[in-house]
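For reference, start.txt (compact mmCIF, C-alpha atoms and all ligand atoms):
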# COMPACT_ATOMS: atom_id res chain seq x y z
CA MET H 6 0.00 0.00 0.00
CA THR H 7 1.50 3.34 -1.01
CA ILE H 8 1.49 6.42 1.22
CA SER H 9 -0.73 8.31 -1.27
CA PHE H 10 -3.32 5.48 -1.26
CA ILE H 11 -3.43 5.50 2.57
CA LEU H 12 -3.77 9.29 2.53
CA ILE H 13 -6.61 9.25 -0.04
CA SER H 14 -8.42 6.49 1.95
CA TYR H 15 -8.04 8.53 5.13
CA VAL H 16 -9.39 11.73 3.53
CA TYR H 17 -12.32 9.78 1.97
CA THR H 18 -13.12 8.22 5.39
CA MET H 19 -13.13 11.60 7.08
CA VAL H 20 -15.28 13.19 4.36
CA VAL H 21 -18.10 10.59 4.38
CA HIS H 22 -18.39 10.41 8.17
CA PHE H 23 -18.18 14.19 8.50
CA THR H 24 -20.88 14.58 5.80
CA ALA H 25 -23.24 12.15 7.57
CA ALA H 26 -22.70 13.83 10.96
CA LEU H 27 -23.04 17.37 9.55
CA PHE H 28 -26.27 16.51 7.70
CA THR H 29 -27.77 15.01 10.88
CA ALA H 30 -26.74 18.08 12.90
CA TYR H 31 -28.26 20.35 10.24
CA ILE H 32 -31.64 18.53 10.34
CA VAL H 33 -31.66 18.67 14.17
CA TYR H 34 -30.86 22.42 13.98
CA THR H 35 -33.59 22.99 11.35
CA ALA H 36 -36.29 21.00 13.17
CA LYS H 37 -35.39 22.40 16.65
CA PRO H 38 -37.61 19.85 18.45
CA TRP H 39 -36.81 21.48 21.82
CA ALA H 40 -38.16 24.87 20.69
CA VAL H 41 -41.76 23.84 19.98
CA SER H 42 -44.28 21.84 21.97
CA ALA H 43 -45.43 19.89 18.87
CA LEU H 44 -44.46 16.24 18.34
CA PHE H 45 -43.77 16.55 14.60
CA PRO H 46 -40.17 17.96 14.64
CA TRP H 47 -38.99 14.78 16.38
CA HIS H 48 -39.93 12.81 13.23
CA PRO H 49 -37.24 14.19 10.85
CA VAL H 50 -34.73 14.25 13.73
CA LEU H 51 -35.22 10.60 14.74
CA MET H 52 -35.35 9.41 11.13
CA THR H 53 -32.18 11.26 10.13
CA VAL H 54 -30.29 9.97 13.19
CA SER H 55 -31.55 6.47 12.35
CA PHE H 56 -30.84 6.32 8.61
CA ALA H 57 -28.22 8.97 7.77
CA LEU H 58 -26.10 8.37 10.86
CA LEU H 59 -26.62 5.03 12.68
CA MET H 60 -27.52 2.81 9.70
CA PHE H 61 -24.87 4.46 7.52
CA GLU H 62 -22.18 3.84 10.17
CA ALA H 63 -23.47 0.30 10.77
CA ILE H 64 -22.97 -0.56 7.07
CA THR H 65 -19.69 1.28 6.45
CA VAL H 66 -18.12 -0.33 9.54
CA PHE H 67 -17.20 -3.22 7.19
CA SER H 68 -15.77 -0.95 4.49
CA ALA H 69 -12.16 -1.44 3.44
CA HIS H 70 -11.80 2.31 2.88
CA SER H 71 -14.19 4.09 5.22
CA SER H 72 -14.68 2.03 8.38
CA PHE H 73 -14.44 4.13 11.53
CA ILE H 74 -12.67 1.17 13.19
CA PRO H 75 -10.43 0.01 10.31
CA LEU H 76 -8.05 -2.05 12.46
CA ALA H 77 -10.71 -4.01 14.39
CA SER H 78 -11.24 -7.74 13.74
CA ARG H 79 -14.17 -8.94 11.58
CA PRO H 80 -16.11 -10.43 14.57
CA TYR H 81 -15.72 -7.14 16.48
CA LYS H 82 -16.98 -5.19 13.44
CA ALA H 83 -19.95 -7.61 13.19
CA LYS H 84 -20.79 -6.89 16.85
CA VAL H 85 -20.61 -3.10 16.29
CA HIS H 86 -22.76 -3.61 13.15
CA TRP H 87 -25.66 -5.36 14.93
CA ILE H 88 -25.56 -2.95 17.89
CA LEU H 89 -25.75 0.09 15.55
CA GLN H 90 -28.46 -1.57 13.41
CA THR H 91 -30.54 -2.31 16.51
CA LEU H 92 -30.21 1.33 17.58
CA ALA H 93 -31.10 2.47 14.03
CA ALA H 94 -34.22 0.25 14.10
CA ALA H 95 -35.19 1.65 17.53
CA PHE H 96 -34.79 5.28 16.37
CA GLY H 97 -36.66 4.48 13.13
CA GLY H 98 -39.50 2.84 15.09
CA ALA H 99 -39.69 5.86 17.41
CA GLY H 100 -39.70 8.26 14.40
CA PHE H 101 -42.56 6.28 12.88
CA ALA H 102 -44.54 6.28 16.15
CA VAL H 103 -44.04 10.05 16.46
CA ILE H 104 -45.44 10.88 13.01
CA PHE H 105 -48.28 8.38 13.43
CA VAL H 106 -49.39 9.83 16.78
CA SER H 107 -48.82 13.40 15.58
CA LYS H 108 -51.12 12.82 12.58
CA ASN H 109 -53.77 11.21 14.80
CA LEU H 110 -53.69 14.20 17.16
CA ASN H 111 -54.16 16.56 14.18
CA HIS H 112 -56.91 14.38 12.62
CA LYS H 113 -54.87 13.90 9.43
CA GLN H 114 -55.08 10.90 7.09
CA HIS H 115 -52.28 8.33 7.08
CA PHE H 116 -50.04 7.24 4.19
CA VAL H 117 -51.46 9.62 1.61
CA THR H 118 -48.18 10.99 0.18
CA TRP H 119 -45.39 9.17 -1.68
CA HIS H 120 -43.10 9.94 1.27
CA GLY H 121 -45.58 8.37 3.70
CA ILE H 122 -46.07 5.24 1.57
CA PHE H 123 -42.31 4.76 0.94
CA GLY H 124 -41.70 5.45 4.64
CA LEU H 125 -44.14 2.73 5.71
CA ILE H 126 -42.50 0.20 3.33
CA THR H 127 -39.04 1.24 4.63
CA ILE H 128 -40.05 0.64 8.27
CA ILE H 129 -41.53 -2.80 7.46
CA TYR H 130 -38.39 -3.67 5.46
CA VAL H 131 -36.17 -2.63 8.40
CA ALA H 132 -38.05 -5.06 10.66
CA VAL H 133 -37.71 -7.90 8.12
CA GLN H 134 -34.00 -7.15 7.53
CA CYS H 135 -33.33 -7.17 11.30
CA LEU H 136 -35.02 -10.58 11.63
CA ALA H 137 -32.97 -11.88 8.68
CA GLY H 138 -29.85 -10.51 10.37
CA THR H 139 -30.47 -12.74 13.39
CA VAL H 140 -30.47 -15.73 11.01
CA VAL H 141 -27.05 -14.67 9.62
CA MET H 142 -25.82 -14.51 13.23
CA ASN H 143 -27.20 -18.03 13.84
CA PRO H 144 -26.56 -19.86 10.53
CA ALA H 145 -27.36 -23.25 12.14
CA TRP H 146 -31.06 -22.26 12.03
CA ILE H 147 -31.10 -22.70 8.23
CA GLN H 148 -28.77 -25.53 7.29
CA SER H 149 -29.83 -25.76 3.64
CA ILE H 150 -28.13 -22.43 2.79
CA LYS H 151 -24.37 -21.93 3.13
CA LEU H 152 -23.19 -19.09 5.41
CA ALA H 153 -21.39 -17.36 2.50
CA GLN H 154 -24.65 -17.35 0.53
CA LEU H 155 -26.63 -16.07 3.53
CA LYS H 156 -24.14 -13.20 3.90
CA LEU H 157 -24.45 -12.36 0.20
CA TYR H 158 -28.28 -12.30 0.39
CA HIS H 159 -28.15 -10.21 3.59
CA ALA H 160 -25.75 -7.66 2.03
CA THR H 161 -27.72 -7.43 -1.24
CA SER H 162 -30.99 -7.01 0.63
CA GLY H 163 -29.29 -4.43 2.89
CA LEU H 164 -28.27 -2.45 -0.19
CA CYS H 165 -31.88 -2.52 -1.47
CA LEU H 166 -33.09 -1.37 1.97
CA TYR H 167 -30.60 1.49 2.13
CA THR H 168 -31.56 2.60 -1.41
CA LEU H 169 -35.23 2.58 -0.34
CA ALA H 170 -34.43 4.52 2.87
CA CYS H 171 -32.48 7.15 0.89
CA THR H 172 -35.40 7.46 -1.56
CA THR H 173 -37.70 8.08 1.42
CA LEU H 174 -35.23 10.64 2.80
CA VAL H 175 -35.20 12.45 -0.57
CA LEU H 176 -39.03 12.44 -0.62
CA GLY H 177 -38.90 13.86 2.93
CA LEU H 178 -36.66 16.68 1.63
CA TYR H 179 -39.41 17.43 -0.92
CA SER H 180 -42.08 17.66 1.83
CA ASN H 181 -43.86 20.99 2.30
CA TRP H 182 -42.41 21.30 5.81
CA PHE H 183 -38.80 20.93 4.66
CA MET H 184 -39.16 23.10 1.56
CA ARG H 185 -40.70 25.84 3.72
CA ASN H 186 -37.75 25.75 6.13
CA VAL H 187 -34.83 25.09 3.80
CA ARG H 188 -34.32 26.73 0.42
CA GLY H 189 -31.68 27.36 -2.24
CA THR H 190 -28.12 26.10 -1.85
CA SER H 191 -28.79 24.44 1.54
CA TRP H 192 -31.60 22.35 0.03
CA TYR H 193 -29.38 21.24 -2.89
CA ALA H 194 -26.57 20.48 -0.43
CA CYS H 195 -28.94 18.16 1.52
CA MET H 196 -29.79 16.34 -1.71
CA GLY H 197 -26.06 16.06 -2.44
CA VAL H 198 -25.44 14.52 0.99
CA VAL H 199 -28.06 11.80 0.47
CA ALA H 200 -26.43 11.05 -2.92
CA ILE H 201 -23.00 10.73 -1.22
CA LEU H 202 -24.43 8.36 1.43
CA ILE H 203 -26.05 6.01 -1.06
CA LEU H 204 -23.04 6.05 -3.41
CA ALA H 205 -20.67 5.22 -0.54
CA VAL H 206 -22.85 2.26 0.52
CA MET H 207 -23.33 1.01 -3.08
CA ASN H 208 -19.63 1.26 -3.81
CA GLN H 209 -18.73 -0.64 -0.62
CA ILE H 210 -21.17 -3.55 -1.02
CA VAL H 211 -20.70 -4.02 -4.77
CA THR H 212 -16.87 -3.89 -4.53
CA ALA H 213 -16.69 -6.27 -1.54
CA TYR H 214 -18.88 -8.97 -3.08
CA GLN H 215 -17.47 -8.59 -6.61
CA THR H 216 -13.96 -9.21 -5.21
CA LYS H 217 -15.19 -12.25 -3.23
CA GLN H 218 -16.89 -13.70 -6.32
CA GLN H 219 -13.72 -13.18 -8.42
CA ILE H 220 -11.62 -15.00 -5.79
CA THR H 221 -14.15 -17.89 -5.66
CA LYS H 222 -14.13 -18.15 -9.49
CA GLN H 223 -10.29 -18.11 -9.58
CA ASN H 224 -10.13 -20.85 -6.93
CA ALA H 225 -12.72 -22.92 -8.83
CA THR H 226 -10.73 -22.58 -12.08
CA LYS H 227 -7.49 -23.55 -10.30
CA SER H 228 -8.98 -26.68 -8.69
CA TRP H 229 -10.60 -27.64 -12.04
CA LYS H 230 -7.23 -27.39 -13.83
CA LYS H 231 -5.45 -29.58 -11.21
C1 LIG H 301 -35.93 7.23 5.89
C2 LIG H 301 -36.42 8.09 6.78
C3 LIG H 301 -37.89 8.38 6.94
C4 LIG H 301 -38.94 7.51 7.05
C5 LIG H 301 -38.87 5.98 7.06
C6 LIG H 301 -40.15 8.30 7.16
C7 LIG H 301 -41.43 7.79 7.29
C8 LIG H 301 -42.60 8.53 7.26
C9 LIG H 301 -43.96 8.00 7.27
C10 LIG H 301 -44.31 6.52 7.28
C11 LIG H 301 -44.82 9.04 7.23
C12 LIG H 301 -46.35 8.97 7.14
C13 LIG H 301 -46.98 8.64 8.47
C14 LIG H 301 -48.50 8.58 8.33
O1 LIG H 301 -49.03 8.95 7.29
O2 LIG H 301 -49.12 8.16 9.32
C15 LIG H 301 -44.03 10.26 7.20
C16 LIG H 301 -44.56 11.53 7.17
C17 LIG H 301 -43.83 12.70 7.07
N1 LIG H 301 -42.45 12.79 7.04
FE1 LIG H 301 -41.14 11.23 7.10
N2 LIG H 301 -39.82 9.64 7.13
C18 LIG H 301 -38.45 9.73 6.99
C19 LIG H 301 -37.70 10.88 6.96
C20 LIG H 301 -38.21 12.17 6.90
C21 LIG H 301 -37.43 13.38 6.79
C22 LIG H 301 -35.90 13.42 6.75
C23 LIG H 301 -38.30 14.42 6.74
C24 LIG H 301 -38.03 15.88 6.63
C25 LIG H 301 -36.95 16.39 6.13
C26 LIG H 301 -39.64 13.89 6.83
C27 LIG H 301 -40.80 14.62 6.80
C28 LIG H 301 -42.09 14.12 6.88
C29 LIG H 301 -43.29 14.92 6.81
C30 LIG H 301 -43.35 16.44 6.62
C31 LIG H 301 -44.37 14.04 6.96
C32 LIG H 301 -45.89 14.41 6.98
C33 LIG H 301 -46.42 14.51 5.58
C34 LIG H 301 -46.52 13.16 4.89
O3 LIG H 301 -47.23 12.26 5.36
O4 LIG H 301 -45.83 13.01 3.86
N3 LIG H 301 -39.54 12.51 6.93
N4 LIG H 301 -42.70 9.91 7.22

As C-alpha cells:
Amino acid sequence: MTISFILISYVYTMVVHFTAALFTAYIVYTAKPWAVSALFPWHPVLMTVSFALLMFEAITVFSAHSSFIPLASRPYKAKVHWILQTLAAAFGGAGFAVIFVSKNLNHKQHFVTWHGIFGLITIIYVAVQCLAGTVVMNPAWIQSIKLAQLKLYHATSGLCLYTLACTTLVLGLYSNWFMRNVRGTSWYACMGVVAILILAVMNQIVTAYQTKQQITKQNATKSWKK
C-alpha cells in the first residue's frame, strides 16, 4: 500500500463520516424539536439519526476504505454492526410512532403521500431485515443455505433497503415542511449529501462482493485445472 493510497483512503473516510454527521446536525438544527411543543419535529430528527447516521455507520463499519474502526477484527466489526443496526431500528421505530401519533392528534389521514407510503415500506423492510440478520448470526437455524450465501443475500438485501431509505429521505426533503424551512443552496446540499451516502454504501457492497466472487471463481478454475 502506497502512502498516497493510505492518505486518499483517510481523507475519503473523514469526508463521508463528516458529511453524515453534519447533515444530521443540520436537520436537528432545522427542526429544533426542543423549541416547539409539537411532536412533529422529532420525526425528521429521529429518522435522520436512524438512517443517515446510525444505519450508515453500521454498514460502512465493514468498508475497506471508510470504516471508523479500520483495524478491528471482523467479529468485532460484526458486533458493532448489529448494535448500531438495533439502535437504528429503535430510532426508526420511534420516528414512525411520532409521526403516526402526531397525525392522529391533528386528525390527518395516514399514508397519503409518496413519502408516507415509501416510509411505511421502509419501516416494514427494516423489521424484516433485522429478523434476517439474526439468522445470519445463527446460521445453524437454516442448514440448507451456506453461510457465505446467507451473507451475500443479507448484504444485497441491505443495499436494497438502504436505497429505499435514501429514496424516502429524498421524498422527505421534498415535503412541504422541509421546503418551507430550507431553500436554495442548503436544500441542494442536503440532496447532495443523500447522494453521497447512497453512493458510498453502493460502492462498498458491490466492490466487496465482486472481489469475493472473483476470488471464488479463480479458486474454482485452479482446482478444475489440477
Ligand atoms: C428514511 C427516513 C424516513 C422515514 C422511514 C419516514 C417515514 C414517514 C412515514 C411513514 C410518514 C407517514 C406517516 C403517516 O401517514 O401516518 C411520514 C410523514 C412525514 N415525514 Fe417522514 N420519514 C423519513 C424521513 C423524513 C425526513 C428526513 C423528513 C423531513 C426532512 C420527513 C418529513 C415528513 C413529513 C413532513 C411528513 C408528513 C407529511 C406526509 O405524510 O408526507 N420525513 N414519514

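For the residues H:Cys195, H:Val175, H:Leu125, H:Ala95, ranking by smallest atom-to-atom distance to ligand LIG 301 (chain H) using all atoms listed in the file places H:Leu125 first.
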
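When all atoms listed in the file are used to measure the gap to ligand LIG 301 (chain H), the shortest distance among H:Pro46, H:Gly163, H:Gly124, H:Pro75 belongs to H:Gly124.
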
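Closest approach to ligand LIG 301 (chain H) among H:Leu58, H:Leu178, H:Val103, H:Leu169 is made by H:Leu178 (distances from all atoms listed in the file).
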
TODO: Using only C-alpha atoms, pick whichever of H:Phe101, H:Leu155, H:Ala36, H:Gln209 has the shortest atom-to-atom distance to Met142 (chain H).
DONE: H:Leu155

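Coordinates place CA of His22 (chain H) at a distance of 25.7 Å from atom C15 of ligand LIG 301 (chain H).
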
Take every atom of ligand LIG 301 (chain H) listed in the file, fit an axis-aligned box around them, add 4 Å per side, and give the centre and edge lengths in Å to one decimal as lines of an AutoDock Vina configuration file.
center_x = -42.5
center_y = 11.2
center_z = 6.6
size_x = 21.2
size_y = 18.5
size_z = 13.5

Closest atom pairs, chain H residues within 8 Å of ligand LIG 301 (chain H), all atoms listed in the file, as CSV:
residue,atom,partner,partner_atom,distance
H:Ile32,CA,H:LIG301,C25,7.1
H:Phe45,CA,H:LIG301,C29,8.0
H:His48,CA,H:LIG301,N3,6.3
H:Pro49,CA,H:LIG301,C21,4.1
H:Val50,CA,H:LIG301,C22,7.1
H:Met52,CA,H:LIG301,C2,4.7
H:Thr53,CA,H:LIG301,C22,5.5
H:Ser55,CA,H:LIG301,C2,7.6
H:Phe56,CA,H:LIG301,C1,5.8
H:Gly97,CA,H:LIG301,C5,6.6
H:Gly100,CA,H:LIG301,C6,7.3
H:Phe101,CA,H:LIG301,C10,5.9
H:Ile104,CA,H:LIG301,C13,5.3
H:Phe105,CA,H:LIG301,O2,4.2
H:Val106,CA,H:LIG301,O2,7.6
H:Lys108,CA,H:LIG301,O2,6.0
H:Asn109,CA,H:LIG301,O2,7.8
H:Lys113,CA,H:LIG301,O1,7.9
H:Gln114,CA,H:LIG301,O1,6.4
H:His115,CA,H:LIG301,O1,3.3
H:Phe116,CA,H:LIG301,O1,3.7
H:Val117,CA,H:LIG301,O1,6.2
H:Thr118,CA,H:LIG301,O4,4.8
H:Trp119,CA,H:LIG301,O4,6.8
H:His120,CA,H:LIG301,O4,4.9
H:Gly121,CA,H:LIG301,C12,3.6
H:Ile122,CA,H:LIG301,C10,6.1
H:Phe123,CA,H:LIG301,C10,6.9
H:Gly124,CA,H:LIG301,C7,3.5
H:Leu125,CA,H:LIG301,C10,4.1
H:Ile126,CA,H:LIG301,C10,7.7
H:Thr127,CA,H:LIG301,C5,5.3
H:Ile128,CA,H:LIG301,C5,5.6
H:Leu169,CA,H:LIG301,C1,7.8
H:Ala170,CA,H:LIG301,C1,4.3
H:Cys171,CA,H:LIG301,C1,6.1
H:Thr172,CA,H:LIG301,C1,7.5
H:Thr173,CA,H:LIG301,C1,4.9
H:Leu174,CA,H:LIG301,C1,4.7
H:Val175,CA,H:LIG301,C22,7.4
H:Leu176,CA,H:LIG301,N3,7.6
H:Gly177,CA,H:LIG301,C23,3.9
H:Leu178,CA,H:LIG301,C25,4.5
H:Tyr179,CA,H:LIG301,C25,7.5
H:Ser180,CA,H:LIG301,C30,5.1
H:Asn181,CA,H:LIG301,C30,6.3
H:Trp182,CA,H:LIG301,C30,5.0
H:Phe183,CA,H:LIG301,C25,5.1

Open item on the list: Need the shell around Leu157 (chain H): protein/DNA/RNA residues with any atom at most 8 Å away, counting all atoms listed in the file. Skip same-chain ones fewer than 4 positions apart. Format as a PyMOL selection string?
Closed with: chain H and resi 153+161+214

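Taking CA of Val54 (chain H) and CA of Leu76 (chain H) as the two end points, the separation is 25.3 Å.
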
Open item on the list: List the spatial neighbours of Tyr31 (chain H) as an MDAnalysis selection string - criterion: any atom at most 12 Å away, only C-alpha atoms, same-chain residues fewer than 2 positions off excluded.
Closed with: chainID H and resid 23:29 33:37 49:50 53:54 57 183 186:187 191:192 194:195 198

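Distances from H:Thr91, H:Thr18, H:Ser107, H:Gln148 to Cys135 (chain H) were compared using all atoms listed in the file, and the smallest one belongs to H:Thr91.
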
Task: Selection: 10 Å around Met207 (chain H), only C-alpha atoms, excl. self and same-chain fewer than 2 positions, as an MDAnalysis selection string - done: chainID H and resid 161 164:165 167:168 201:205 209:213

Fill-in result for region 122-133 of chain H, N, CA and C atoms as a CSV table (one decimal), in the frame of the given file:
chain,number,residue,atom,x,y,z
H,122,ILE,N,-46.0,6.6,2.0
H,122,ILE,CA,-46.1,5.2,1.6
H,122,ILE,C,-44.7,4.6,1.5
H,123,PHE,N,-43.7,5.3,1.0
H,123,PHE,CA,-42.3,4.8,0.9
H,123,PHE,C,-41.8,4.6,2.4
H,124,GLY,N,-42.2,5.5,3.3
H,124,GLY,CA,-41.7,5.4,4.6
H,124,GLY,C,-42.2,4.2,5.3
H,125,LEU,N,-43.5,3.9,5.1
H,125,LEU,CA,-44.1,2.7,5.7
H,125,LEU,C,-43.4,1.5,5.2
H,126,ILE,N,-43.2,1.4,3.9
H,126,ILE,CA,-42.5,0.2,3.3
H,126,ILE,C,-41.1,0.1,3.9
H,127,THR,N,-40.4,1.2,4.1
H,127,THR,CA,-39.0,1.2,4.6
H,127,THR,C,-39.0,0.7,6.0
H,128,ILE,N,-40.0,1.1,6.9
H,128,ILE,CA,-40.0,0.6,8.3
H,128,ILE,C,-40.3,-0.9,8.3
H,129,ILE,N,-41.2,-1.4,7.5
H,129,ILE,CA,-41.5,-2.8,7.5
H,129,ILE,C,-40.3,-3.6,7.0
H,130,TYR,N,-39.6,-3.0,6.0
H,130,TYR,CA,-38.4,-3.7,5.5
H,130,TYR,C,-37.3,-3.7,6.5
H,131,VAL,N,-37.2,-2.6,7.3
H,131,VAL,CA,-36.2,-2.6,8.4
H,131,VAL,C,-36.4,-3.8,9.4
H,132,ALA,N,-37.7,-4.0,9.7
H,132,ALA,CA,-38.0,-5.1,10.7
H,132,ALA,C,-37.7,-6.4,10.1
H,133,VAL,N,-38.0,-6.6,8.8
H,133,VAL,CA,-37.7,-7.9,8.1
H,133,VAL,C,-36.2,-8.1,8.0
